file model23.cif (mmCIF, C-alpha atoms)
data_entry
#
loop_
_atom_site.group_PDB
_atom_site.id
_atom_site.type_symbol
_atom_site.label_atom_id
_atom_site.label_comp_id
_atom_site.auth_asym_id
_atom_site.auth_seq_id
_atom_site.Cartn_x
_atom_site.Cartn_y
_atom_site.Cartn_z
ATOM 1 C CA MET U 1 122.291 211.734 144.948
ATOM 2 C CA GLU U 2 121.045 210.520 148.305
ATOM 3 C CA ARG U 3 121.732 207.029 149.685
ATOM 4 C CA VAL U 4 119.392 205.752 152.390
ATOM 5 C CA GLY U 5 119.892 202.472 154.276
ATOM 6 C CA LEU U 6 117.089 200.607 156.016
ATOM 7 C CA ALA U 7 119.081 200.600 159.277
ATOM 8 C CA GLU U 8 118.904 204.421 159.201
ATOM 9 C CA ARG U 9 115.095 204.498 159.079
ATOM 10 C CA ASP U 10 112.392 203.739 161.617
ATOM 11 C CA VAL U 11 110.209 200.737 160.900
ATOM 12 C CA VAL U 12 106.574 201.481 161.765
ATOM 13 C CA GLU U 13 103.655 199.150 162.325
ATOM 14 C CA ALA U 14 100.952 200.589 160.068
ATOM 15 C CA VAL U 15 98.435 198.004 161.330
ATOM 16 C CA GLU U 16 99.074 195.073 163.638
ATOM 17 C CA GLY U 17 101.213 192.607 161.710
ATOM 18 C CA ALA U 18 102.198 194.974 158.879
ATOM 19 C CA GLU U 19 105.501 196.808 159.130
ATOM 20 C CA LEU U 20 107.045 199.255 156.699
ATOM 21 C CA ALA U 21 109.679 201.928 156.455
ATOM 22 C CA GLN U 22 110.171 205.050 154.404
ATOM 23 C CA LEU U 23 113.376 204.678 152.411
ATOM 24 C CA ALA U 24 114.313 206.990 149.575
ATOM 25 C CA SER U 25 111.791 209.727 148.886
ATOM 26 C CA GLY U 26 112.197 212.189 146.063
ATOM 27 C CA GLU U 27 109.992 214.834 144.521
ATOM 28 C CA ARG U 28 108.019 212.333 142.390
ATOM 29 C CA MET U 29 108.207 208.940 144.122
ATOM 30 C CA SER U 30 109.001 207.114 147.344
ATOM 31 C CA VAL U 31 110.177 203.604 148.224
ATOM 32 C CA GLN U 32 108.779 201.584 151.145
ATOM 33 C CA PRO U 33 109.904 198.036 151.972
ATOM 34 C CA TYR U 34 107.343 196.038 153.945
ATOM 35 C CA GLU U 35 106.726 192.848 155.893
ATOM 36 C CA ILE U 36 103.212 191.475 156.324
ATOM 37 C CA HIS U 37 102.924 188.626 158.800
ATOM 38 C CA PRO U 38 100.653 185.567 158.427
ATOM 39 C CA GLY U 39 97.005 186.277 159.241
ATOM 40 C CA THR U 40 97.358 190.047 158.799
ATOM 41 C CA GLU U 41 94.593 191.937 157.037
ATOM 42 C CA ILE U 42 95.029 195.503 155.834
ATOM 43 C CA PRO U 43 91.521 196.939 155.550
ATOM 44 C CA GLU U 44 90.177 198.397 152.345
ATOM 45 C CA HIS U 45 91.634 201.816 151.708
ATOM 46 C CA SER U 46 92.579 204.074 148.834
ATOM 47 C CA HIS U 47 95.078 206.847 148.296
ATOM 48 C CA PRO U 48 95.810 209.261 145.447
ATOM 49 C CA HIS U 49 99.232 207.668 144.898
ATOM 50 C CA GLU U 50 99.877 205.200 142.103
ATOM 51 C CA GLN U 51 101.400 202.118 143.764
ATOM 52 C CA CYS U 52 103.754 199.643 142.137
ATOM 53 C CA GLY U 53 105.286 196.785 144.084
ATOM 54 C CA TYR U 54 107.364 193.635 143.986
ATOM 55 C CA ILE U 55 107.157 190.570 146.242
ATOM 56 C CA PHE U 56 110.383 188.820 147.268
ATOM 57 C CA GLU U 57 108.908 186.222 149.645
ATOM 58 C CA GLY U 58 105.443 184.920 150.585
ATOM 59 C CA THR U 59 102.067 185.402 148.905
ATOM 60 C CA LEU U 60 99.664 188.340 149.266
ATOM 61 C CA THR U 61 95.998 188.368 148.397
ATOM 62 C CA PHE U 62 94.777 191.722 147.093
ATOM 63 C CA VAL U 63 91.020 192.256 147.213
ATOM 64 C CA VAL U 64 89.809 194.695 144.549
ATOM 65 C CA ASP U 65 86.103 195.113 143.751
ATOM 66 C CA GLY U 66 85.387 191.877 145.634
ATOM 67 C CA GLU U 67 87.889 189.916 143.510
ATOM 68 C CA ALA U 68 90.802 188.154 145.223
ATOM 69 C CA ILE U 69 94.075 188.440 143.269
ATOM 70 C CA GLU U 70 97.109 186.509 144.518
ATOM 71 C CA ALA U 71 100.674 187.704 144.013
ATOM 72 C CA GLY U 72 103.739 185.763 145.135
ATOM 73 C CA PRO U 73 107.531 185.707 144.899
ATOM 74 C CA GLY U 74 108.737 187.280 141.688
ATOM 75 C CA ASP U 75 105.405 188.993 141.001
ATOM 76 C CA SER U 76 104.964 192.718 140.573
ATOM 77 C CA TYR U 77 101.728 194.686 140.708
ATOM 78 C CA THR U 78 100.298 198.109 139.960
ATOM 79 C CA ILE U 79 97.396 199.750 141.784
ATOM 80 C CA PRO U 80 96.070 202.957 140.195
ATOM 81 C CA GLY U 81 95.620 205.998 142.407
ATOM 82 C CA ASP U 82 92.243 206.189 144.191
ATOM 83 C CA GLU U 83 91.439 202.491 143.580
ATOM 84 C CA PRO U 84 90.013 200.936 146.777
ATOM 85 C CA HIS U 85 91.923 197.790 147.757
ATOM 86 C CA ALA U 86 92.550 195.532 150.741
ATOM 87 C CA VAL U 87 95.505 193.222 151.354
ATOM 88 C CA GLU U 88 95.676 189.932 153.246
ATOM 89 C CA ASN U 89 98.403 187.452 154.080
ATOM 90 C CA ARG U 90 96.425 184.205 154.030
ATOM 91 C CA GLY U 91 99.562 182.064 154.041
ATOM 92 C CA GLU U 92 101.949 180.797 156.700
ATOM 93 C CA THR U 93 104.985 182.798 155.533
ATOM 94 C CA THR U 94 105.798 186.436 156.246
ATOM 95 C CA VAL U 95 105.516 188.413 153.015
ATOM 96 C CA ARG U 96 108.477 190.636 152.207
ATOM 97 C CA GLY U 97 108.328 193.155 149.401
ATOM 98 C CA VAL U 98 108.754 196.743 148.348
ATOM 99 C CA ASP U 99 106.278 199.399 147.201
ATOM 100 C CA ILE U 100 106.978 202.486 145.118
ATOM 101 C CA PHE U 101 104.494 205.353 145.333
ATOM 102 C CA SER U 102 104.048 208.320 143.028
ATOM 103 C CA PRO U 103 103.709 211.020 144.167
ATOM 104 C CA PRO U 104 105.727 210.265 147.323
ATOM 105 C CA ARG U 105 103.709 208.793 150.169
ATOM 106 C CA PRO U 106 104.549 209.230 153.849
ATOM 107 C CA ASN U 107 104.268 206.257 156.199
ATOM 108 C CA PRO U 108 100.510 205.691 156.614
ATOM 109 C CA ASP U 109 98.780 205.652 159.975
ATOM 110 C CA TRP U 110 95.711 203.524 159.377
ATOM 111 C CA ALA U 111 94.990 203.478 163.114
ATOM 112 C CA GLU U 112 93.632 207.036 162.925
#

call {"tool": "encode", "arguments": {"input": "model23.cif", "output": "structure tokens"}}
result
Amino acid sequence: MERVGLAERDVVEAVEGAELAQLASGERMSVQPYEIHPGTEIPEHSHPHEQCGYIFEGTLTFVVDGEAIEAGPGDSYTIPGDEPHAVENRGETTVRGVDIFSPPRPNPDWAE
């Protein structure tokens, strides 16, 4: 068993206003807590990883095939691998949540 604390990991800014960290990462999945600040937009992207998440605080708007889908505190979500999606924080509260990726996903660098 491996225990990993957030204080032991580097928090990276994937895009301006969106911060995440790589926590536990095994052979089949990884865990990434995130904060997305008000007004932040994560551009449309896709990845081969299945993505499941849970929102603790704030509301995110996912844009999938032109449809806006809101998810807020207590909501979970699943995004199939290779499905293009964008994410926006249209509210006034920082969104705090956690994503689980399978297979494991390294911290993304969307600036490249």

call {"tool": "atom_distance", "arguments": {"input": "model23.cif", "atom1": "atom CA of U:Ile100", "atom2": "atom CA of U:Val31"}}
result
4.6 Å

call {"tool": "atom_distance", "arguments": {"input": "model23.cif", "atom1": "atom CA of U:Leu20", "atom2": "atom CA of U:Glu83"}}
result
20.6 Å

call {"tool": "residues_around", "arguments": {"input": "model23.cif", "residues": "U:Gly17", "least_positions_apart": "6", "cutoff": "6 Å", "atoms": "all atoms listed in the file", "output": "list in words"}}
result
Ile36, His37 and Thr40 of chain U

call {"tool": "atom_distance", "arguments": {"input": "model23.cif", "atom1": "atom CA of U:Pro48", "atom2": "atom CA of U:Ile79"}}
result
10.3 Å

call {"tool": "closest_residue", "arguments": {"input": "model23.cif", "among": "U:Glu92, U:Glu27, U:Asp10, U:Glu16", "to": "U:Glu41", "atoms": "all atoms listed in the file"}}
result
U:Glu16

call {"tool": "closest_residue", "arguments": {"input": "model23.cif", "among": "U:Thr59, U:Ser102, U:Asn89, U:Asn107", "to": "U:Pro33", "atoms": "all atoms listed in the file"}}
result
U:Asn107

call {"tool": "residues_near_point", "arguments": {"input": "model23.cif", "point": "(107.5, 196.2, 139.0)", "cutoff": "9 Å", "atoms": "all atoms listed in the file", "output": "PyMOL selection string"}}
result
chain U and resi 52-54+75-78+99-100

call {"tool": "residues_around", "arguments": {"input": "model23.cif", "residues": "U:Glu35", "least_positions_apart": "6", "cutoff": "6 Å", "atoms": "only C-alpha atoms", "output": "list in words"}}
result
Ala18, Glu19, Val95 and Arg96 of chain U

call {"tool": "resolve_selection", "arguments": {"input": "model23.cif", "expression": "the PyMOL selection byres ((chain U and resi 56) around 7)", "output": "list in words"}}
result
Tyr54, Ile55, Glu57, Pro73, Gly74, Arg96 and Gly97 of chain U

call {"tool": "residues_around", "arguments": {"input": "model23.cif", "residues": "U:Gln32", "least_positions_apart": "5", "cutoff": "6 Å", "atoms": "all atoms listed in the file", "output": "list in words"}}
result
Ala21, Gln22, Leu23, Val98 and Asp99 of chain U

call {"tool": "closest_atom_pairs", "arguments": {"input": "model23.cif", "of": "stretch 56-96 of chain U", "to": "stretch 42-46 of chain U", "cutoff": "7 Å", "atoms": "all atoms listed in the file", "output": "CSV"}}
result
residue,atom,partner,partner_atom,distance
U:Asp82,CA,U:Ser46,CA,5.1
U:Glu83,CA,U:Ser46,CA,5.6
U:Pro84,CA,U:Ser46,CA,4.5
U:His85,CA,U:Glu44,CA,4.9
U:Ala86,CA,U:Glu44,CA,4.1
U:Val87,CA,U:Ile42,CA,5.0
U:Glu88,CA,U:Ile42,CA,6.2

call {"tool": "closest_residue", "arguments": {"input": "model23.cif", "among": "U:Gly81, U:Gly58, U:Pro38, U:Pro106", "to": "U:Val12", "atoms": "only C-alpha atoms"}}
result
U:Pro106

call {"tool": "closest_residue", "arguments": {"input": "model23.cif", "among": "U:His49, U:Arg90, U:Arg9, U:Arg3", "to": "U:Met29", "atoms": "all atoms listed in the file"}}
result
U:His49

call {"tool": "closest_residue", "arguments": {"input": "model23.cif", "among": "U:Glu50, U:Thr93, U:Ser25, U:Arg105", "to": "U:Val4", "atoms": "all atoms listed in the file"}}
result
U:Ser25

call {"tool": "closest_residue", "arguments": {"input": "model23.cif", "among": "U:Pro103, U:Tyr34, U:Gly39, U:Val63", "to": "U:Val11", "atoms": "all atoms listed in the file"}}
result
U:Tyr34

call {"tool": "resolve_selection", "arguments": {"input": "model23.cif", "expression": "the PyMOL selection byres ((chain U and resi 70) around 6)", "output": "JSON, numbers by chain"}}
result
{"U": [60, 61, 69, 71]}
